[in-house]
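With compact mmCIF, C-alpha atoms and all ligand atoms inside, this is entry-v9.txt:
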# COMPACT_ATOMS: atom_id res chain seq x y z
CA MET A 1 330.18 174.63 -64.31
CA GLN A 2 328.38 171.78 -66.07
CA ILE A 3 325.20 170.66 -64.37
CA SER A 4 323.27 167.64 -65.58
CA ARG A 5 320.23 168.35 -67.71
CA ARG A 6 318.22 166.19 -65.34
CA LEU A 7 318.86 168.41 -62.31
CA ARG A 8 318.59 171.65 -64.24
CA ASN A 9 315.23 170.41 -65.41
CA ILE A 10 313.79 169.76 -61.92
CA ASN A 11 312.36 173.27 -61.52
CA GLN A 12 312.52 173.99 -65.25
CA GLY A 13 314.29 177.25 -64.42
CA GLY A 14 310.97 178.83 -63.39
CA SER A 15 309.23 179.72 -60.14
CA ASP A 16 309.10 177.05 -57.45
CA GLY A 17 305.75 178.40 -56.22
CA TRP A 18 307.03 179.35 -52.77
CA GLU A 19 307.27 183.14 -53.28
CA VAL A 20 304.48 183.99 -50.81
CA PHE A 21 306.02 181.70 -48.21
CA THR A 22 309.48 183.26 -48.67
CA ARG A 23 308.08 186.78 -48.52
CA ALA A 24 306.10 185.92 -45.35
CA ARG A 25 309.26 184.60 -43.69
CA GLU A 26 311.14 187.79 -44.63
CA MET A 27 308.36 189.96 -43.20
CA LYS A 28 308.36 187.90 -40.01
CA ALA A 29 312.14 188.24 -39.70
CA ALA A 30 311.66 192.01 -40.05
CA GLY A 31 309.37 191.89 -36.99
CA LEU A 32 305.93 192.02 -38.66
CA PRO A 33 303.13 189.94 -37.04
CA VAL A 34 302.48 187.56 -39.95
CA VAL A 35 300.01 184.67 -39.54
CA GLU A 36 301.45 181.80 -41.57
CA LEU A 37 298.89 179.43 -43.07
CA THR A 38 301.32 178.13 -45.65
CA VAL A 39 303.30 175.02 -44.71
CA GLY A 40 301.75 171.66 -43.84
CA GLU A 41 303.42 171.31 -40.47
CA HIS A 42 301.79 170.90 -37.04
CA ASP A 43 301.93 173.73 -34.52
CA ILE A 44 303.04 171.20 -31.88
CA PRO A 45 306.45 169.52 -31.67
CA THR A 46 307.00 165.75 -31.68
CA ASP A 47 305.60 164.22 -28.48
CA PRO A 48 308.23 164.05 -25.69
CA GLU A 49 307.44 160.36 -25.16
CA ILE A 50 308.60 159.64 -28.73
CA LEU A 51 311.68 161.81 -28.25
CA ARG A 52 312.55 159.96 -25.04
CA ALA A 53 312.22 156.65 -26.89
CA MET A 54 314.58 158.04 -29.54
CA TYR A 55 317.14 159.08 -26.93
CA GLN A 56 316.87 155.75 -25.15
CA ALA A 57 317.31 153.87 -28.45
CA GLY A 58 320.52 155.81 -29.04
CA LEU A 59 321.79 154.92 -25.56
CA ASP A 60 320.83 151.28 -26.19
CA GLY A 61 323.18 151.19 -29.16
CA HIS A 62 320.97 151.89 -32.22
CA VAL A 63 323.57 154.26 -33.58
CA GLY A 64 325.38 152.22 -36.24
CA TYR A 65 324.70 151.41 -39.88
CA GLN A 66 321.28 149.86 -40.34
CA ASN A 67 319.67 147.22 -42.45
CA PHE A 68 319.16 149.14 -45.71
CA GLN A 69 315.54 148.02 -46.12
CA GLY A 70 314.65 148.93 -42.55
CA GLN A 71 314.78 147.45 -39.05
CA PRO A 72 312.83 144.15 -38.92
CA ALA A 73 310.82 145.39 -35.90
CA LEU A 74 309.67 148.49 -37.76
CA ARG A 75 308.89 146.65 -40.98
CA GLU A 76 306.73 144.28 -38.92
CA ARG A 77 304.87 147.11 -37.15
CA VAL A 78 304.21 148.92 -40.42
CA ALA A 79 302.99 145.70 -42.09
CA GLU A 80 300.61 145.15 -39.15
CA ARG A 81 299.33 148.73 -39.35
CA VAL A 82 298.76 148.51 -43.11
CA GLU A 83 296.96 145.19 -42.74
CA ARG A 84 294.80 146.52 -39.89
CA SER A 85 293.81 149.72 -41.65
CA THR A 86 293.26 148.35 -45.18
CA GLY A 87 292.33 144.69 -44.62
CA THR A 88 294.95 143.63 -47.17
CA PRO A 89 297.36 140.89 -46.00
CA THR A 90 300.82 142.50 -45.78
CA ALA A 91 304.19 140.94 -44.93
CA PRO A 92 307.27 142.77 -43.59
CA GLU A 93 309.05 141.90 -46.87
CA GLU A 94 306.50 144.12 -48.63
CA ILE A 95 307.67 147.16 -46.64
CA LEU A 96 310.66 149.41 -47.36
CA ILE A 97 311.59 151.95 -44.67
CA VAL A 98 312.61 155.30 -46.15
CA PRO A 99 313.53 158.74 -44.77
CA GLY A 100 310.06 160.26 -45.24
CA GLY A 101 307.32 160.09 -47.82
CA GLN A 102 309.29 162.31 -50.18
CA ALA A 103 312.06 159.68 -50.38
CA GLY A 104 309.30 157.14 -51.10
CA LEU A 105 308.07 159.25 -54.03
CA PHE A 106 311.60 159.36 -55.40
CA ALA A 107 312.18 155.61 -54.92
CA THR A 108 308.87 154.58 -56.52
CA HIS A 109 309.41 156.73 -59.60
CA ASN A 110 312.93 155.34 -59.92
CA LEU A 111 311.43 151.86 -59.75
CA THR A 112 308.72 152.44 -62.32
CA CYS A 113 310.21 154.83 -64.88
CA ASP A 114 313.22 154.84 -67.17
CA PRO A 115 314.56 158.16 -68.47
CA GLY A 116 312.16 159.51 -71.07
CA ASP A 117 309.17 157.49 -69.81
CA THR A 118 305.94 159.30 -69.04
CA ALA A 119 304.65 159.43 -65.46
CA LEU A 120 301.14 160.75 -64.84
CA TYR A 121 300.07 162.81 -61.84
CA ILE A 122 296.89 164.64 -60.90
CA ASP A 123 296.70 168.45 -61.03
CA PRO A 124 296.23 170.11 -58.45
CA TYR A 125 299.20 168.37 -56.88
CA TYR A 126 301.59 168.45 -53.94
CA ALA A 127 304.31 170.89 -54.95
CA THR A 128 307.17 168.39 -55.36
CA TYR A 129 305.40 165.91 -57.66
CA PRO A 130 306.52 167.12 -61.09
CA GLY A 131 310.06 167.87 -59.84
CA THR A 132 310.34 164.39 -58.30
CA ILE A 133 309.28 162.78 -61.57
CA ARG A 134 311.73 164.93 -63.54
CA SER A 135 314.52 164.12 -61.07
CA VAL A 136 314.48 160.51 -62.29
CA GLY A 137 314.58 161.69 -65.91
CA ALA A 138 310.93 160.89 -66.61
CA VAL A 139 308.40 163.16 -68.29
CA ALA A 140 305.83 164.56 -65.83
CA LYS A 141 302.36 164.65 -67.43
CA PRO A 142 299.49 166.24 -65.47
CA VAL A 143 295.90 165.07 -65.65
CA THR A 144 293.47 167.77 -64.57
CA ALA A 145 290.99 167.20 -61.74
CA ARG A 146 288.46 169.98 -62.28
CA ALA A 147 287.14 172.38 -59.65
CA GLU A 148 283.69 171.75 -61.17
CA ASP A 149 284.02 168.04 -60.22
CA GLY A 150 284.99 168.93 -56.65
CA PHE A 151 288.61 168.09 -57.65
CA GLN A 152 287.81 164.35 -57.90
CA PRO A 153 290.04 162.92 -60.66
CA ASP A 154 288.18 161.69 -63.73
CA PRO A 155 289.17 158.11 -64.71
CA ASP A 156 288.26 158.83 -68.36
CA ALA A 157 290.66 161.80 -68.43
CA ILE A 158 293.38 159.56 -66.94
CA ASP A 159 292.65 156.92 -69.55
CA ALA A 160 292.89 159.52 -72.34
CA ALA A 161 296.35 160.55 -71.09
CA ALA A 162 297.63 157.03 -70.39
CA GLU A 163 298.91 155.96 -73.81
CA GLY A 164 302.55 154.93 -73.31
CA ALA A 165 302.66 156.05 -69.64
CA LYS A 166 304.32 153.86 -67.00
CA SER A 167 302.82 155.15 -63.77
CA LEU A 168 300.08 157.21 -62.20
CA LEU A 169 300.57 159.12 -58.95
CA VAL A 170 297.48 159.82 -56.84
CA ASN A 171 297.03 161.38 -53.41
CA SER A 172 294.03 160.87 -51.14
CA PRO A 173 293.38 162.53 -48.70
CA ASN A 174 294.67 165.25 -50.96
CA ASN A 175 297.13 168.06 -50.54
CA PRO A 176 296.27 170.80 -51.54
CA THR A 177 292.51 170.34 -51.97
CA GLY A 178 291.56 168.39 -48.81
CA VAL A 179 289.48 166.13 -51.05
CA VAL A 180 289.16 162.42 -50.23
CA TYR A 181 288.65 160.32 -53.35
CA SER A 182 285.30 158.55 -53.45
CA ARG A 183 285.05 154.77 -53.87
CA ASP A 184 283.82 155.36 -57.44
CA THR A 185 286.87 157.49 -58.23
CA MET A 186 289.27 154.93 -56.74
CA GLU A 187 287.62 152.04 -58.56
CA GLY A 188 287.76 153.99 -61.82
CA ILE A 189 291.45 154.75 -61.25
CA ALA A 190 292.16 151.08 -60.49
CA ARG A 191 290.34 150.02 -63.66
CA VAL A 192 292.44 152.37 -65.82
CA CYS A 193 295.66 151.11 -64.17
CA ARG A 194 294.73 147.49 -64.90
CA ASP A 195 293.57 148.22 -68.48
CA ARG A 196 296.61 150.34 -69.29
CA ASP A 197 299.14 148.27 -67.32
CA LEU A 198 300.16 151.26 -65.17
CA TRP A 199 301.87 151.22 -61.83
CA LEU A 200 299.72 153.07 -59.31
CA ILE A 201 301.72 155.16 -56.83
CA SER A 202 299.34 156.03 -54.00
CA ASP A 203 300.53 158.78 -51.66
CA GLU A 204 298.65 158.16 -48.42
CA VAL A 205 300.63 160.30 -46.01
CA TYR A 206 297.36 161.91 -44.76
CA ASP A 207 295.61 158.59 -44.08
CA THR A 208 294.89 159.50 -40.43
CA GLN A 209 293.27 162.82 -41.37
CA VAL A 210 289.86 161.85 -42.72
CA TRP A 211 286.96 163.94 -41.44
CA GLU A 212 284.06 162.41 -43.35
CA GLY A 213 283.70 158.90 -44.77
CA ASP A 214 286.58 156.43 -44.88
CA HIS A 215 290.06 156.34 -46.32
CA LEU A 216 290.20 153.74 -49.09
CA SER A 217 293.65 152.49 -50.08
CA PRO A 218 293.54 151.40 -53.75
CA ARG A 219 295.96 148.56 -52.91
CA ALA A 220 292.93 146.89 -51.28
CA LEU A 221 290.97 146.78 -54.55
CA PRO A 222 290.87 143.55 -56.64
CA ASP A 223 294.16 142.70 -58.40
CA MET A 224 295.73 146.00 -57.35
CA ALA A 225 298.25 144.83 -54.71
CA GLU A 226 300.58 143.59 -57.49
CA ARG A 227 300.71 147.01 -59.21
CA THR A 228 300.27 149.47 -56.34
CA LEU A 229 303.03 151.19 -54.38
CA VAL A 230 301.73 152.95 -51.28
CA ILE A 231 303.66 155.83 -49.74
CA GLY A 232 303.26 156.19 -45.96
CA SER A 233 304.89 158.55 -43.52
CA MET A 234 304.91 159.44 -39.84
CA SER A 235 305.39 163.14 -40.59
CA LYS A 236 301.69 163.98 -40.51
CA SER A 237 300.22 161.07 -38.51
CA HIS A 238 302.64 161.42 -35.57
CA ALA A 239 303.91 165.02 -35.90
CA MET A 240 307.38 163.68 -36.77
CA THR A 241 308.18 165.82 -39.83
CA GLY A 242 311.82 166.42 -38.84
CA SER A 243 312.57 162.79 -38.00
CA ARG A 244 312.30 161.84 -41.69
CA ILE A 245 310.63 158.48 -41.38
CA GLY A 246 308.23 156.81 -43.78
CA TRP A 247 307.73 153.71 -45.92
CA VAL A 248 306.74 152.22 -49.22
CA VAL A 249 304.38 149.22 -49.41
CA GLY A 250 304.60 147.13 -52.56
CA PRO A 251 305.27 143.70 -54.09
CA ARG A 252 308.34 141.95 -52.60
CA GLU A 253 310.40 142.11 -55.77
CA ALA A 254 309.72 145.84 -56.15
CA ILE A 255 310.71 146.42 -52.51
CA SER A 256 313.92 144.47 -53.07
CA TYR A 257 314.87 146.61 -56.11
CA MET A 258 314.11 149.82 -54.23
CA GLY A 259 316.32 148.40 -51.46
CA ASP A 260 319.17 148.42 -54.00
CA LEU A 261 318.44 152.10 -54.58
CA THR A 262 318.53 152.75 -50.83
CA THR A 263 321.92 151.07 -50.59
CA ASN A 264 323.20 153.50 -53.17
CA THR A 265 321.47 156.66 -51.94
CA THR A 266 320.40 157.08 -48.30
CA TYR A 267 322.16 154.03 -46.82
CA GLY A 268 319.12 153.51 -44.62
CA VAL A 269 317.45 155.49 -41.84
CA ALA A 270 319.00 156.22 -38.42
CA GLY A 271 318.39 153.28 -36.06
CA PHE A 272 317.31 155.50 -33.14
CA VAL A 273 314.70 157.14 -35.37
CA GLN A 274 313.41 153.75 -36.49
CA MET A 275 313.13 152.52 -32.90
CA ALA A 276 311.31 155.73 -31.92
CA ALA A 277 308.95 155.03 -34.83
CA VAL A 278 308.29 151.54 -33.43
CA HIS A 279 307.47 153.13 -30.08
CA ALA A 280 305.23 155.74 -31.72
CA LEU A 281 303.30 153.10 -33.69
CA ASP A 282 302.84 151.13 -30.48
CA MET A 283 301.13 154.20 -29.00
CA GLY A 284 298.25 153.11 -31.25
CA PRO A 285 295.38 154.69 -33.20
CA ALA A 286 294.20 156.78 -30.20
CA PHE A 287 297.44 158.75 -30.31
CA GLU A 288 297.10 159.24 -34.08
CA ALA A 289 293.54 160.53 -33.56
CA GLU A 290 294.83 162.96 -30.93
CA ILE A 291 297.40 164.38 -33.38
CA ALA A 292 294.73 164.75 -36.08
CA ALA A 293 292.05 166.30 -33.82
CA PRO A 294 293.07 169.99 -34.08
CA PHE A 295 292.78 169.91 -37.88
CA ARG A 296 289.29 168.46 -37.75
CA ARG A 297 288.29 171.21 -35.30
CA ARG A 298 289.93 174.01 -37.30
CA ARG A 299 288.23 172.91 -40.50
CA GLY A 300 285.03 173.78 -38.60
CA VAL A 301 286.52 177.17 -37.65
CA VAL A 302 287.12 177.95 -41.34
CA MET A 303 283.65 176.79 -42.40
CA ARG A 304 282.01 178.96 -39.75
CA ALA A 305 284.08 181.98 -40.82
CA LEU A 306 282.72 181.56 -44.35
CA GLU A 307 279.06 181.56 -43.32
CA GLY A 308 276.79 184.40 -44.45
CA GLN A 309 278.72 185.41 -47.57
CA ASN A 310 279.22 184.00 -51.04
CA VAL A 311 282.44 185.55 -52.33
CA VAL A 312 284.80 182.97 -50.82
CA ARG A 313 283.68 179.40 -51.37
CA ALA A 314 285.30 176.39 -49.69
CA ILE A 315 285.94 173.24 -51.68
CA PRO A 316 284.09 170.51 -49.75
CA THR A 317 287.10 169.14 -47.89
CA LYS A 318 286.89 165.75 -46.27
CA GLY A 319 290.46 165.28 -45.11
CA ALA A 320 294.04 166.53 -44.65
CA MET A 321 295.23 169.65 -42.82
CA TYR A 322 294.13 172.14 -45.49
CA VAL A 323 291.10 173.94 -46.83
CA MET A 324 291.09 175.10 -50.43
CA LEU A 325 289.18 178.33 -51.07
CA ASP A 326 287.71 179.34 -54.41
CA LEU A 327 288.22 183.09 -54.92
CA ARG A 328 287.24 183.31 -58.55
CA ALA A 329 284.37 185.65 -57.65
CA THR A 330 287.00 188.33 -56.95
CA GLY A 331 288.40 188.04 -60.48
CA MET A 332 291.90 187.77 -58.98
CA SER A 333 294.44 185.03 -59.50
CA GLY A 334 295.37 183.05 -56.39
CA GLU A 335 298.89 184.51 -56.66
CA ASP A 336 297.72 188.13 -56.74
CA PHE A 337 295.22 187.52 -53.96
CA ALA A 338 297.77 185.81 -51.69
CA MET A 339 300.42 188.51 -52.22
CA ALA A 340 297.96 191.35 -51.65
CA LEU A 341 296.49 189.67 -48.55
CA LEU A 342 299.99 189.24 -47.15
CA ASP A 343 300.94 192.85 -47.83
CA THR A 344 297.76 194.42 -46.48
CA HIS A 345 296.69 192.05 -43.67
CA HIS A 346 299.82 190.04 -42.88
CA VAL A 347 298.06 186.74 -43.52
CA ALA A 348 300.05 184.24 -45.61
CA VAL A 349 298.21 181.57 -47.61
CA MET A 350 299.45 179.53 -50.56
CA PRO A 351 298.27 180.49 -54.05
CA GLY A 352 296.42 177.67 -55.79
CA GLU A 353 298.70 178.19 -58.81
CA SER A 354 301.60 176.84 -56.70
CA PHE A 355 299.83 173.49 -56.97
CA GLY A 356 299.07 173.54 -60.67
CA ARG A 357 296.86 175.17 -63.26
CA ALA A 358 293.72 173.37 -62.12
CA ALA A 359 293.80 175.32 -58.83
CA ALA A 360 294.09 178.78 -60.42
CA GLY A 361 291.91 181.35 -58.69
CA HIS A 362 292.10 179.43 -55.42
CA VAL A 363 294.23 179.63 -52.28
CA ARG A 364 295.17 176.88 -49.85
CA VAL A 365 294.81 177.55 -46.14
CA ALA A 366 296.90 175.31 -43.86
CA LEU A 367 295.08 174.68 -40.57
CA THR A 368 298.30 174.99 -38.64
CA VAL A 369 297.81 177.84 -36.16
CA ALA A 370 295.77 178.06 -32.95
CA ASP A 371 291.99 178.26 -33.46
CA GLU A 372 291.63 181.92 -32.40
CA ARG A 373 294.41 183.12 -34.70
CA LEU A 374 292.97 181.09 -37.55
CA GLU A 375 289.52 182.57 -36.94
CA GLU A 376 290.88 186.10 -36.99
CA ALA A 377 292.96 185.45 -40.12
CA MET A 378 289.91 184.02 -41.88
CA ARG A 379 287.82 187.05 -40.94
CA LYS A 380 290.48 189.27 -42.54
CA LEU A 381 290.63 187.07 -45.62
CA VAL A 382 286.86 187.15 -46.12
CA ALA A 383 286.67 190.94 -45.64
CA PHE A 384 289.58 191.44 -48.03
CA ALA A 385 287.93 189.25 -50.67
CA ALA A 386 284.59 191.06 -50.29
CA GLY A 387 286.36 194.39 -50.86
CA ARG A 388 287.82 193.08 -54.11
CA VAL A 389 284.53 192.20 -55.79
CA ARG A 390 283.78 194.69 -58.52
N1 LIG A 401 303.15 163.81 -49.91
C1 LIG A 401 302.33 164.84 -49.63
C2 LIG A 401 301.00 164.88 -50.29
C3 LIG A 401 302.73 165.85 -48.75
O1 LIG A 401 301.90 166.86 -48.49
C4 LIG A 401 304.02 165.76 -48.17
C5 LIG A 401 304.50 166.84 -47.28
O2 LIG A 401 303.89 167.86 -47.07
C6 LIG A 401 304.82 164.67 -48.49
C7 LIG A 401 304.38 163.71 -49.36
C8 LIG A 401 306.20 164.51 -47.95
O3 LIG A 401 306.15 164.28 -46.60
P1 LIG A 401 307.35 163.60 -45.78
O4 LIG A 401 308.51 163.46 -46.70
O5 LIG A 401 307.60 164.53 -44.64
O6 LIG A 401 306.79 162.28 -45.35
Would you kindly transcribe this structure into structure tokens?
Amino acid sequence: MQISRRLRNINQGGSDGWEVFTRAREMKAAGLPVVELTVGEHDIPTDPEILRAMYQAGLDGHVGYQNFQGQPALRERVAERVERSTGTPTAPEEILIVPGGQAGLFATHNLTCDPGDTALYIDPYYATYPGTIRSVGAVAKPVTARAEDGFQPDPDAIDAAAEGAKSLLVNSPNNPTGVVYSRDTMEGIARVCRDRDLWLISDEVYDTQVWEGDHLSPRALPDMAERTLVIGSMSKSHAMTGSRIGWVVGPREAISYMGDLTTNTTYGVAGFVQMAAVHALDMGPAFEAEIAAPFRRRRGVVMRALEGQNVVRAIPTKGAMYVMLDLRATGMSGEDFAMALLDTHHVAVMPGESFGRAAAGHVRVALTVADERLEEAMRKLVAFAAGRVR
């Protein structure tokens, strides 16, 4: 069987980084009481009011082929939301509706890169980034954000890597680190993109999960709207992961070209899902805050569990549904630590190495179980780490 080089290259034949997750699922299936702090998915289902709107939209006839760029009503609502939250004037023609943020990542890299072009991304990174870049035939080039800098990307390091690159992918609030980029960082990134004529792909799927300070969309910075493509999604903001609904914001011409891609790939998003998304957006910012609230609270649970010891150190997280823990004091790799913790205490966390070299010696804790279970799991993790210090 002949498989294209492009697809064989997506995972580069190596590990996909999900071994701990897979093992945890197997242990759970075998009846073991595993606490899963691995996947970034809410512990609540989509709100019944949104599901009722979806059902009603189906009954009302939104069941046929759709406008490939998205339903006008949804494009309007998204444009309004973007304008309200970033202060940047945004028209519906600058919005493309896609089946989730992941589809937006794929579309934007298709738009910006030809096969063989270099696309930059920041390490640590969301697990699909390099594979998405390789899936369009581009070369994925990481730029390290160092633990010593609190995982804030360094504009000078981006500049040093930018020669000949076409795009830069950034993510704030960040998965896996929980870091929110400072204004200085964002302005530095914008400056490099302007100087080096790079497209900036800004993954903002965690924009409602900011615990300290404000979310700054780089599209709002001077002269950036013309070169920035923002990825948005309702997966995290509205607990709609399975509905597969998101968007890309960008210049009209770019949106139109990505619309051509949509015509030849997804053929649009289900009409009843789009109408449910309209309903969900109309539920307003208070509903979004309600969905985000447990993660804010659980971040506090983790911080309290770390008090009074200095083996496990939390990266100062300011957003997203994760806390990144520095375990380098144990001398273990994140992979070894996560596997051993799973085997001995039935607590599953993601090894930092699953998110790139820059996160080696760390683990990512997803704040996705009830507070009491999280507290108990953290107590086990801290005790386990303390026992590993030589
Ligand atoms: N971007 C980041 C940083 C993520 O963490 C995720 C999912 O976890 C996605 C994009 C993809 O999300 P979706 O396709 O569900 O919108």
### Message
Taking 6 positions as the minimum chain separation for residues in the same chain, which residues sit within 12 Å of Pro316 (chain A) when counting only C-alpha atoms? Answer as a PyMOL selection string.
### Response
chain A and resi 147-152+174+177-181+211-212+299-300+302-303+322-326
### Task
Write out as a list in words the residues lying within 10 Å of Asp223 (chain A), counting only C-alpha atoms and excluding same-chain residues fewer than 5 positions away.
Ala190, Arg191, Arg194, Pro218 and Thr228 of chain A
### Message
For a test of reading the model, state the distance in Å between CA of Gln56 (chain A) and CA of Val205 (chain A), rounded to one decimal.
### Response
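Taking CA of Gln56 (chain A) and CA of Val205 (chain A), their separation equals 26.8 Å.
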### Query
Looking at only C-alpha atoms and all ligand atoms, which of A:Ala329, A:Val98, A:Val369, A:Val143 is the one that sits closest to ligand LIG 401 (chain A)?
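When distances to ligand LIG 401 (chain A) are compared using only C-alpha atoms and all ligand atoms, the smallest one comes from A:Val98.
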### Query
So which residues touch Arg227 (chain A) within 9 Å, counting only C-alpha atoms, skipping near sequence neighbours fewer than 4 positions away, as a PyMOL selection string?
chain A and resi 193-194+197-201+219+223+250-251
### Query
Excluding same-chain residues fewer than 2 positions from region 260-272 of chain A, what lies within 6 Å of it counting all atoms listed in the file, as a PyMOL selection string?
chain A and resi 54+57-58+62-63+68+99+257-258+274-275
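Closest approach to Ala314 (chain A) from the set A:Met378, A:Met1, A:Ile291, A:Leu120 is made by A:Met378, with distances taken over all atoms listed in the file.
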### Message
Let me see if you get this right: every residue at most 10 Å from ligand LIG 401 (chain A), counting all atoms listed in the file, written as a PyMOL selection string.
### Response
chain A and resi 39-41+98-105+125-129+170-176+202-206+231-237+239-247+320-322
### Query
Looking at all atoms listed in the file, which of A:Cys113, A:Ala79, A:Ala348, A:Ile158 is the one that sits closest to Pro33 (chain A)?
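Residue with the minimum atom-to-atom distance to Pro33 (chain A): A:Ala348.
Atom pair CA of Leu216 (chain A) / CA of Ala157 (chain A) has a distance of 21.0 Å (rounded to one decimal).
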### Task
Take CA of Ser167 (chain A) and CA of Thr112 (chain A) and report the distance between them in Å, one decimal.
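These two atoms are separated by 6.7 Å.
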### Message
Using all atoms listed in the file for the distances, tell me which of A:Ser333, A:Ser135, A:Thr208, A:Thr368 is nearest to Gln12 (chain A).
### Response
A:Ser135
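The residue that comes closest to Leu7 (chain A), out of A:Gly361, A:Pro72, A:Gly284, A:Gly137 and on the basis of only C-alpha atoms, is A:Gly137.
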### Task
Excluding region 17-27 of chain A and any residue of its chain fewer than 3 positions from it, enumerate the residues within 6 Å of it, using all atoms listed in the file, and give them as a list in words.
Ala30, Leu32 and Ser354 of chain A
### Task
Could you give me, as a PyMOL selection string, the residues that sit within 9 Å of (291.9, 179.8, -51.4) in the file's coordinates, counting all atoms listed in the file?
chain A and resi 312-315+323-327+334+337-338+349-352+359+361-365
#### Entry: Pick from A:Gly213, A:Leu341, A:Leu367, A:Gly164, whichever lies nearest to Val301 (chain A) using all atoms listed in the file
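Nearest to Val301 (chain A): A:Leu367.
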